[in-house]
Amino acid sequence: MDLARFAVITGLFLTLLFFDRLKIAPGGMVVPGYLVLYITHPDQIFFTFLLAFLAYFFVSRVLMTRMILFGRRRFTVTILTGAVFSIILESIFYSVSTYEPFIGFKLIGIIIPGLIANEMLREQSKIFVLSSIALVTTLTFGFVWSVSQIKWSLSNGPVDVSYYILFIGILLLSILVSIYLLFYFKWENYFSLEQKRRTG
């Protein structure tokens, strides 16, 4: 299996566990995996989140004040809004693509901004949505990076045993952190404190 598929599947698996535990999808089921694939392109990640916020504000402050949007209809409209904004932004960057740093620029798929925006519409705490995306993306990156380094070292001959210890250590740490956050961390206490803070 190539690392791209492994990243998406790992992110999907961790997102499903996270959703099962907290009923919050970190920006949509496939978002963390795709963010890991673009981890070396922070500019593209930045513009993807920027479009997600634009889609969120457009749907919540403009469309939802003039239309009845909820459930599947709201999800579809949010995805379409994010996709339209993505196409517009990519078209703008394409028109100046002969200049740095816009050469070869593209966003992380046209549906990713809409998925993130939809999750922000679904949840009251935007900070928690962004934190959950960062958490699951970081854990996914830990798994993918460790496996990629082990795969690289196996295909390029023997390497120092300390590298194997480092890779396996990061992999085990990612597993342990995932288990702790999903099954042992008292999220209920966090939610109650957050609710008290918001209500004053």
# chains A, B, ... in the order shown; residues from 1 in each chain; ligands from 1

call {"tool": "select_by_dssp", "arguments": {"residues": "range 33-105 of chain A", "states": "alpha helix (DSSP H)", "output": "MDAnalysis selection string"}}
result
chainID A and resid 33:37 42:58 71:95

call {"tool": "residues_around", "arguments": {"residues": "Leu121 in chain A", "least_positions_apart": "3", "cutoff": "12 Å", "atoms": "only C-alpha atoms", "output": "MDAnalysis selection string"}}
result
chainID A and resid 24 27:28 52:53 55:61 64 69:71 74:75 77:79 114:118 124:126 129

call {"tool": "write_last_selection", "arguments": {"atoms": "C-alpha atoms", "output": "mmCIF file, in the first residue's frame"}}
result
data_model
loop_
_atom_site.group_PDB
_atom_site.id
_atom_site.type_symbol
_atom_site.label_atom_id
_atom_site.label_comp_id
_atom_site.auth_asym_id
_atom_site.auth_seq_id
_atom_site.Cartn_x
_atom_site.Cartn_y
_atom_site.Cartn_z
ATOM 1 C CA ILE A 24 -17.253 15.097 16.845
ATOM 2 C CA GLY A 27 -13.507 18.481 10.078
ATOM 3 C CA GLY A 28 -14.975 15.514 8.232
ATOM 4 C CA ALA A 52 -13.313 26.934 5.172
ATOM 5 C CA PHE A 53 -13.839 30.031 7.329
ATOM 6 C CA ALA A 55 -17.587 29.234 3.502
ATOM 7 C CA TYR A 56 -18.663 29.020 7.150
ATOM 8 C CA PHE A 57 -19.334 32.753 7.429
ATOM 9 C CA PHE A 58 -21.068 32.907 4.048
ATOM 10 C CA VAL A 59 -23.412 30.032 4.865
ATOM 11 C CA SER A 60 -24.097 31.048 8.490
ATOM 12 C CA ARG A 61 -24.343 34.824 8.038
ATOM 13 C CA MET A 64 -28.981 30.719 6.608
ATOM 14 C CA LEU A 69 -30.900 25.107 5.916
ATOM 15 C CA PHE A 70 -30.463 22.111 8.171
ATOM 16 C CA GLY A 71 -29.333 18.509 7.980
ATOM 17 C CA ARG A 74 -27.110 22.438 4.866
ATOM 18 C CA PHE A 75 -24.334 19.896 4.320
ATOM 19 C CA VAL A 77 -24.972 23.764 0.363
ATOM 20 C CA THR A 78 -21.851 24.104 2.526
ATOM 21 C CA ILE A 79 -19.893 21.640 0.388
ATOM 22 C CA GLY A 114 -16.662 22.598 2.769
ATOM 23 C CA LEU A 115 -16.211 19.629 5.089
ATOM 24 C CA ILE A 116 -14.376 21.760 7.644
ATOM 25 C CA ALA A 117 -16.968 24.545 7.342
ATOM 26 C CA ASN A 118 -19.812 22.078 7.818
ATOM 27 C CA GLN A 124 -20.862 25.387 18.819
ATOM 28 C CA SER A 125 -17.202 25.483 19.843
ATOM 29 C CA LYS A 126 -15.096 26.365 16.801
ATOM 30 C CA VAL A 129 -13.331 21.653 16.103
#

call {"tool": "closest_residue", "arguments": {"among": "A:Leu172, A:Leu51, A:Ile108, A:Met67", "to": "Val84 in chain A", "atoms": "only C-alpha atoms"}}
result
A:Leu51

call {"tool": "atom_distance", "arguments": {"atom1": "CA of Leu171 in chain A", "atom2": "CA of Ile133 in chain A"}}
result
19.2 Å

call {"tool": "closest_residue", "arguments": {"among": "A:Ile175, A:Ile165, A:Gly33, A:Phe85", "to": "Arg5 in chain A", "atoms": "only C-alpha atoms"}}
result
A:Gly33

call {"tool": "atom_distance", "arguments": {"atom1": "CA of Leu139 in chain A", "atom2": "CA of Ala25 in chain A"}}
result
14.7 Å

call {"tool": "atom_distance", "arguments": {"atom1": "CA of Phe128 in chain A", "atom2": "CA of Thr15 in chain A"}}
result
14.3 Å

call {"tool": "closest_residue", "arguments": {"among": "A:Val8, A:Leu3, A:Pro32, A:Lys23", "to": "Ile45 in chain A", "atoms": "only C-alpha atoms"}}
result
A:Pro32

call {"tool": "decode", "arguments": {"residues": "range 131-175 of chain A", "atoms": "C-alpha atoms", "output": "short mmCIF file (atom, residue, chain, number, x, y, z; two decimals), in the first residue's frame"}}
result
data_model
loop_
_atom_site.label_atom_id
_atom_site.label_comp_id
_atom_site.auth_asym_id
_atom_site.auth_seq_id
_atom_site.Cartn_x
_atom_site.Cartn_y
_atom_site.Cartn_z
CA SER A 131 -8.27 21.47 18.09
CA SER A 132 -9.72 18.09 17.16
CA ILE A 133 -8.51 18.51 13.57
CA ALA A 134 -5.02 19.39 14.82
CA LEU A 135 -4.99 16.46 17.26
CA VAL A 136 -6.12 13.76 14.83
CA THR A 137 -3.90 15.16 12.06
CA THR A 138 -0.88 15.10 14.38
CA LEU A 139 -1.57 11.52 15.45
CA THR A 140 -2.09 10.47 11.83
CA PHE A 141 1.19 12.13 10.87
CA GLY A 142 2.97 10.24 13.68
CA PHE A 143 1.75 6.91 12.31
CA VAL A 144 2.44 7.74 8.67
CA TRP A 145 5.88 9.25 9.31
CA SER A 146 7.02 6.28 11.39
CA VAL A 147 5.84 3.75 8.82
CA SER A 148 7.34 5.74 5.93
CA GLN A 149 10.72 5.92 7.65
CA ILE A 150 10.74 2.21 8.43
CA LYS A 151 9.74 1.45 4.84
CA TRP A 152 12.49 3.73 3.51
CA SER A 153 15.15 2.19 5.75
CA LEU A 154 14.18 -1.34 4.74
CA SER A 155 14.39 -0.49 1.04
CA ASN A 156 17.76 1.29 1.36
CA GLY A 157 19.74 -1.29 3.25
CA PRO A 158 20.67 -1.57 6.91
CA VAL A 159 20.70 1.56 9.04
CA ASP A 160 21.70 2.37 12.58
CA VAL A 161 19.51 0.57 15.12
CA SER A 162 18.87 3.92 16.85
CA TYR A 163 16.76 4.96 13.85
CA TYR A 164 14.55 1.92 14.30
CA ILE A 165 14.18 2.71 17.98
CA LEU A 166 13.21 6.30 17.12
CA PHE A 167 10.64 5.27 14.50
CA ILE A 168 9.09 2.56 16.65
CA GLY A 169 9.11 4.91 19.66
CA ILE A 170 7.18 7.59 17.77
CA LEU A 171 4.75 4.97 16.47
CA LEU A 172 4.15 3.56 19.95
CA LEU A 173 3.81 7.06 21.39
CA SER A 174 1.16 7.89 18.78
CA ILE A 175 -0.71 4.70 19.66
#
